Each structure stands twice: as C-alpha cells, then as structure tokens.
Amino acid sequence: MKGMIRLAAMLHDVGKIGVPDSVLKKPGKLTGEEFDLMKLHTLKGARLFSQPTSELDRLCGAIAMHHHEKWNGTGYPGHWTEYATQSEQPRTLSGENIPLGARIVAVADVYDSLMSVRCYKEPWPEERVLETLRKDAGSHFDPELIEAFFQIYDVIVAIREKYREIPAEVAAC
C-alpha cells in the first residue's frame with residue numbers, strides 16, 4: 001500500500017491540467033471565481049480515473065478527489081456537486097471517512113506548499129509552517145497523521161534537502 005500511495009500521490013493534482021494557466025500562474029491572490037475554478041481540479045483529476053482497471057487507479061482517483069477534504073468536514077470538493085456528473089456526485093467527507101491516502105497527501109501537500117516558493121507567495125518560515133500543522137490537527141488534518149509527521153520530521157527534512165527546489169528567480173510561474 002505504501003508504494004501505491006507514493007505513486008498515487010504524484011498524481012494528486014493531475015486535474016490542474018484542466019485549470020487555465022491564467023489561474024494556475026496568477027502571481028497574486030485568486031478572486032472568488034478563480035478559486036472556484038481551482039477547486040474543480042479535484043473533480044477533473046478524479047474523472048481521469050473514473051473507469052479504474054486496477055487498485056492503483058482507484059487510489060489515484062480517491063486521492064485526486066479528496067486531498068482537499070478537511071478532518072472536520074469543511075473541505076472540498078463536497079459542495080461542488082453541481083459540476084459533477086450524476087455518476088460522480090461528490091460528498092463532503094470528514095474524519096476517517098476521508099480515504100487514508102488523501103489524508104496523508106493533504107498533510108504532505110500543505111507542508112510542501114507552505115515551505116515552497118509559489119507564483120503567489122514566498123515560502124513561509126519553517127517554524128510558522130510547523131505551528132500551522134500543529135494548530136490544524138483535528139480540524140484540517142487527521143491528528144494521528146500530524147503526530148506521525150512530527151515523529152519522522154527529521155526524515156522529511158532530509159528529503160526536502162535532497163530535492164531542494166529551483167531558486168525562485170529561475171522557477172517559471
């Protein structure tokens with residue numbers, strides 16, 4: 001399962017291929033309408049795996065669809081049913097009803113996003129990122145996964161160092 005989650009995690013944002021570059025690469029804060037378009041990447045990504053032929057396909061679809069769900073049930077795509085076809089009506093999930101792979105990717109995705117340069121922001125200081133993860137355990141994130149995250153944080157730092165990103169001045173937005 002661990003190897004499959006690793007593979008599926010790489011495809012968690014595949015639905016962003018259906019989001020306009022003007023939204024994906026916008027250097028500032030998104031408008032409400034732009035953010036609504038961005039949220040659709042979960043449905044678009046899951047739709048790519050709507051006819052699974054393997055357990056990996058099912059896992060990819062679940063992670064793509066649910067990696068923005070929140071532990072307390074306030075995430076998305078649950079409330080985006082008007083954009084889904086009848087066969088893919090999403091529902092807001094919470095707690096352990098969110099697939100484990102999606103809960104794991106949610107933690108990794110937020111950590112990476114906050115620690116990294118983005119078109120719309122500079123990286124946050126490490127201390128602030130870690131404080132945010134701790135604070136959001138039990139609301140945004142599975143509290144057991146946050147505990148596990150901090151238990152292996154030295155490994156996470158080593159991985160970040162190994163795969164240090166391209167400097168901001170070189171990275172194309």
# chains A, B, ... in the order shown; residues from 1 in each chain; ligands from 1

call {"tool": "residues_around", "arguments": {"residues": "segment 105-118 of chain A", "least_positions_apart": "3", "cutoff": "9 Å", "atoms": "only C-alpha atoms", "output": "JSON, numbers by chain"}}
result
{"A": [5, 9, 12, 25, 27, 63, 66, 67, 68, 69, 70, 100, 101, 102, 121, 122, 123, 124, 125, 126, 129, 130, 133, 140, 141, 142, 145, 146, 149, 160, 165, 167, 168, 171, 173]}

call {"tool": "closest_atom_pairs", "arguments": {"of": "segment 50-122 of chain A", "to": "segment 38-44 of chain A", "cutoff": "7 Å", "atoms": "only C-alpha atoms", "output": "tab-separated table"}}
result
residue	atom	partner	partner_atom	distance
A:Ala64	CA	A:Thr42	CA	5.4
A:Met65	CA	A:Thr42	CA	4.6
A:Pro77	CA	A:Thr42	CA	6.6

call {"tool": "write_last_selection", "arguments": {"atoms": "N, CA, C and O atoms", "output": "short mmCIF file (atom, residue, chain, number, x, y, z; two decimals), in the first residue's frame"}}
result
data_model
loop_
_atom_site.label_atom_id
_atom_site.label_comp_id
_atom_site.auth_asym_id
_atom_site.auth_seq_id
_atom_site.Cartn_x
_atom_site.Cartn_y
_atom_site.Cartn_z
N ALA A 64 -6.99 12.12 -5.76
CA ALA A 64 -7.26 13.32 -6.56
C ALA A 64 -8.54 14.00 -6.09
O ALA A 64 -8.59 15.22 -5.96
N MET A 65 -9.57 13.22 -5.82
CA MET A 65 -10.87 13.78 -5.42
C MET A 65 -10.85 14.36 -4.02
O MET A 65 -11.41 15.42 -3.78
N PRO A 77 -13.99 18.56 -2.46
CA PRO A 77 -14.99 19.09 -3.38
C PRO A 77 -16.43 18.86 -2.95
O PRO A 77 -17.34 19.10 -3.74
#

call {"tool": "residues_around", "arguments": {"residues": "Trp71 of chain A", "least_positions_apart": "6", "cutoff": "8 Å", "atoms": "only C-alpha atoms", "output": "VMD selection string"}}
result
chain A and resid 93 to 96 98 138 to 142

call {"tool": "write_last_selection", "arguments": {"atoms": "C-alpha atoms", "output": "compact mmCIF listing (two decimals), in the first residue's frame"}}
result
# COMPACT_ATOMS: atom_id res chain seq x y z
CA LEU A 93 -16.21 13.74 3.87
CA SER A 94 -14.82 14.11 7.35
CA GLY A 95 -12.62 12.22 9.77
CA GLU A 96 -11.83 8.63 8.96
CA ILE A 98 -11.73 10.54 4.07
CA GLY A 138 -8.06 17.80 14.43
CA SER A 139 -9.66 20.48 12.25
CA HIS A 140 -7.91 20.41 8.87
CA PHE A 141 -5.76 17.31 9.38
CA ASP A 142 -6.03 13.85 10.88

call {"tool": "closest_residue", "arguments": {"among": "A:Pro143, A:Pro99, A:Gly73, A:Gly45", "to": "Leu11 of chain A", "atoms": "only C-alpha atoms"}}
result
A:Gly45

call {"tool": "atom_distance", "arguments": {"atom1": "atom CA of Gly18 of chain A", "atom2": "atom CA of Leu48 of chain A"}}
result
10.9 Å

call {"tool": "decode", "arguments": {"residues": "segment 53-78 of chain A", "atoms": "N, CA, C and O atoms", "output": "PDB file, in the first residue's frame"}}
result
ATOM      1  N   THR A  53      -9.063   0.314 -13.704  1.00  0.00           N
ATOM      2  CA  THR A  53      -8.768  -1.070 -14.085  1.00  0.00           C
ATOM      3  C   THR A  53      -7.833  -1.729 -13.081  1.00  0.00           C
ATOM      4  O   THR A  53      -7.448  -2.874 -13.269  1.00  0.00           O
ATOM      5  N   SER A  54      -7.471  -0.967 -12.046  1.00  0.00           N
ATOM      6  CA  SER A  54      -6.564  -1.522 -11.030  1.00  0.00           C
ATOM      7  C   SER A  54      -6.807  -0.826  -9.698  1.00  0.00           C
ATOM      8  O   SER A  54      -7.461   0.221  -9.638  1.00  0.00           O
ATOM      9  N   GLU A  55      -6.254  -1.408  -8.663  1.00  0.00           N
ATOM     10  CA  GLU A  55      -6.337  -0.791  -7.333  1.00  0.00           C
ATOM     11  C   GLU A  55      -5.599   0.551  -7.328  1.00  0.00           C
ATOM     12  O   GLU A  55      -6.015   1.489  -6.658  1.00  0.00           O
ATOM     13  N   LEU A  56      -4.520   0.656  -8.092  1.00  0.00           N
ATOM     14  CA  LEU A  56      -3.797   1.927  -8.187  1.00  0.00           C
ATOM     15  C   LEU A  56      -4.684   3.009  -8.803  1.00  0.00           C
ATOM     16  O   LEU A  56      -4.705   4.141  -8.317  1.00  0.00           O
ATOM     17  N   ASP A  57      -5.426   2.674  -9.846  1.00  0.00           N
ATOM     18  CA  ASP A  57      -6.352   3.646 -10.441  1.00  0.00           C
ATOM     19  C   ASP A  57      -7.373   4.128  -9.419  1.00  0.00           C
ATOM     20  O   ASP A  57      -7.684   5.319  -9.339  1.00  0.00           O
ATOM     21  N   ARG A  58      -7.927   3.206  -8.623  1.00  0.00           N
ATOM     22  CA  ARG A  58      -8.924   3.586  -7.612  1.00  0.00           C
ATOM     23  C   ARG A  58      -8.304   4.507  -6.575  1.00  0.00           C
ATOM     24  O   ARG A  58      -8.913   5.493  -6.153  1.00  0.00           O
ATOM     25  N   LEU A  59      -7.083   4.194  -6.156  1.00  0.00           N
ATOM     26  CA  LEU A  59      -6.387   5.025  -5.170  1.00  0.00           C
ATOM     27  C   LEU A  59      -6.077   6.409  -5.753  1.00  0.00           C
ATOM     28  O   LEU A  59      -6.277   7.426  -5.081  1.00  0.00           O
ATOM     29  N   CYS A  60      -5.631   6.452  -6.999  1.00  0.00           N
ATOM     30  CA  CYS A  60      -5.355   7.740  -7.656  1.00  0.00           C
ATOM     31  C   CYS A  60      -6.613   8.591  -7.701  1.00  0.00           C
ATOM     32  O   CYS A  60      -6.569   9.800  -7.413  1.00  0.00           O
ATOM     33  N   GLY A  61      -7.729   7.991  -8.058  1.00  0.00           N
ATOM     34  CA  GLY A  61      -8.988   8.725  -8.127  1.00  0.00           C
ATOM     35  C   GLY A  61      -9.420   9.245  -6.767  1.00  0.00           C
ATOM     36  O   GLY A  61      -9.856  10.393  -6.638  1.00  0.00           O
ATOM     37  N   ALA A  62      -9.288   8.413  -5.743  1.00  0.00           N
ATOM     38  CA  ALA A  62      -9.686   8.821  -4.381  1.00  0.00           C
ATOM     39  C   ALA A  62      -8.805   9.958  -3.874  1.00  0.00           C
ATOM     40  O   ALA A  62      -9.300  10.914  -3.263  1.00  0.00           O
ATOM     41  N   ILE A  63      -7.510   9.869  -4.116  1.00  0.00           N
ATOM     42  CA  ILE A  63      -6.602  10.923  -3.659  1.00  0.00           C
ATOM     43  C   ILE A  63      -6.845  12.211  -4.436  1.00  0.00           C
ATOM     44  O   ILE A  63      -6.911  13.298  -3.838  1.00  0.00           O
ATOM     45  N   ALA A  64      -6.991  12.116  -5.756  1.00  0.00           N
ATOM     46  CA  ALA A  64      -7.256  13.316  -6.560  1.00  0.00           C
ATOM     47  C   ALA A  64      -8.539  14.000  -6.090  1.00  0.00           C
ATOM     48  O   ALA A  64      -8.586  15.223  -5.955  1.00  0.00           O
ATOM     49  N   MET A  65      -9.573  13.217  -5.816  1.00  0.00           N
ATOM     50  CA  MET A  65     -10.873  13.777  -5.422  1.00  0.00           C
ATOM     51  C   MET A  65     -10.850  14.363  -4.016  1.00  0.00           C
ATOM     52  O   MET A  65     -11.413  15.424  -3.777  1.00  0.00           O
ATOM     53  N   HIS A  66     -10.178  13.711  -3.080  1.00  0.00           N
ATOM     54  CA  HIS A  66     -10.384  14.030  -1.658  1.00  0.00           C
ATOM     55  C   HIS A  66      -9.202  14.672  -0.930  1.00  0.00           C
ATOM     56  O   HIS A  66      -9.273  14.871   0.277  1.00  0.00           O
ATOM     57  N   HIS A  67      -8.116  15.027  -1.623  1.00  0.00           N
ATOM     58  CA  HIS A  67      -6.955  15.566  -0.902  1.00  0.00           C
ATOM     59  C   HIS A  67      -7.174  16.975  -0.348  1.00  0.00           C
ATOM     60  O   HIS A  67      -6.345  17.473   0.410  1.00  0.00           O
ATOM     61  N   HIS A  68      -8.297  17.606  -0.680  1.00  0.00           N
ATOM     62  CA  HIS A  68      -8.633  18.903  -0.080  1.00  0.00           C
ATOM     63  C   HIS A  68      -9.805  18.818   0.900  1.00  0.00           C
ATOM     64  O   HIS A  68     -10.321  19.844   1.343  1.00  0.00           O
ATOM     65  N   GLU A  69     -10.200  17.593   1.245  1.00  0.00           N
ATOM     66  CA  GLU A  69     -11.189  17.424   2.307  1.00  0.00           C
ATOM     67  C   GLU A  69     -10.502  17.751   3.624  1.00  0.00           C
ATOM     68  O   GLU A  69      -9.289  17.580   3.753  1.00  0.00           O
ATOM     69  N   LYS A  70     -11.257  18.214   4.586  1.00  0.00           N
ATOM     70  CA  LYS A  70     -10.703  18.526   5.901  1.00  0.00           C
ATOM     71  C   LYS A  70     -11.284  17.575   6.939  1.00  0.00           C
ATOM     72  O   LYS A  70     -12.436  17.148   6.833  1.00  0.00           O
ATOM     73  N   TRP A  71     -10.493  17.268   7.935  1.00  0.00           N
ATOM     74  CA  TRP A  71     -10.866  16.352   9.001  1.00  0.00           C
ATOM     75  C   TRP A  71     -12.231  16.720   9.586  1.00  0.00           C
ATOM     76  O   TRP A  71     -13.029  15.853   9.919  1.00  0.00           O
ATOM     77  N   ASN A  72     -12.520  18.014   9.709  1.00  0.00           N
ATOM     78  CA  ASN A  72     -13.781  18.453  10.317  1.00  0.00           C
ATOM     79  C   ASN A  72     -14.931  18.557   9.307  1.00  0.00           C
ATOM     80  O   ASN A  72     -16.018  19.017   9.657  1.00  0.00           O
ATOM     81  N   GLY A  73     -14.708  18.163   8.053  1.00  0.00           N
ATOM     82  CA  GLY A  73     -15.776  18.134   7.066  1.00  0.00           C
ATOM     83  C   GLY A  73     -16.001  19.417   6.305  1.00  0.00           C
ATOM     84  O   GLY A  73     -16.982  19.532   5.561  1.00  0.00           O
ATOM     85  N   THR A  74     -15.116  20.403   6.438  1.00  0.00           N
ATOM     86  CA  THR A  74     -15.323  21.692   5.777  1.00  0.00           C
ATOM     87  C   THR A  74     -14.542  21.854   4.483  1.00  0.00           C
ATOM     88  O   THR A  74     -14.528  22.935   3.907  1.00  0.00           O
ATOM     89  N   GLY A  75     -13.913  20.804   4.012  1.00  0.00           N
ATOM     90  CA  GLY A  75     -13.112  20.921   2.792  1.00  0.00           C
ATOM     91  C   GLY A  75     -13.932  20.825   1.530  1.00  0.00           C
ATOM     92  O   GLY A  75     -15.147  20.979   1.542  1.00  0.00           O
ATOM     93  N   TYR A  76     -13.246  20.592   0.437  1.00  0.00           N
ATOM     94  CA  TYR A  76     -13.916  20.403  -0.846  1.00  0.00           C
ATOM     95  C   TYR A  76     -13.317  19.185  -1.516  1.00  0.00           C
ATOM     96  O   TYR A  76     -12.265  18.721  -1.103  1.00  0.00           O
ATOM     97  N   PRO A  77     -13.995  18.561  -2.462  1.00  0.00           N
ATOM     98  CA  PRO A  77     -14.986  19.085  -3.383  1.00  0.00           C
ATOM     99  C   PRO A  77     -16.431  18.862  -2.955  1.00  0.00           C
ATOM    100  O   PRO A  77     -17.338  19.103  -3.741  1.00  0.00           O
ATOM    101  N   GLY A  78     -16.673  18.422  -1.756  1.00  0.00           N
ATOM    102  CA  GLY A  78     -18.001  18.015  -1.332  1.00  0.00           C
ATOM    103  C   GLY A  78     -19.137  18.909  -1.747  1.00  0.00           C
ATOM    104  O   GLY A  78     -20.194  18.432  -2.133  1.00  0.00           O
TER     105      GLY A  78
END
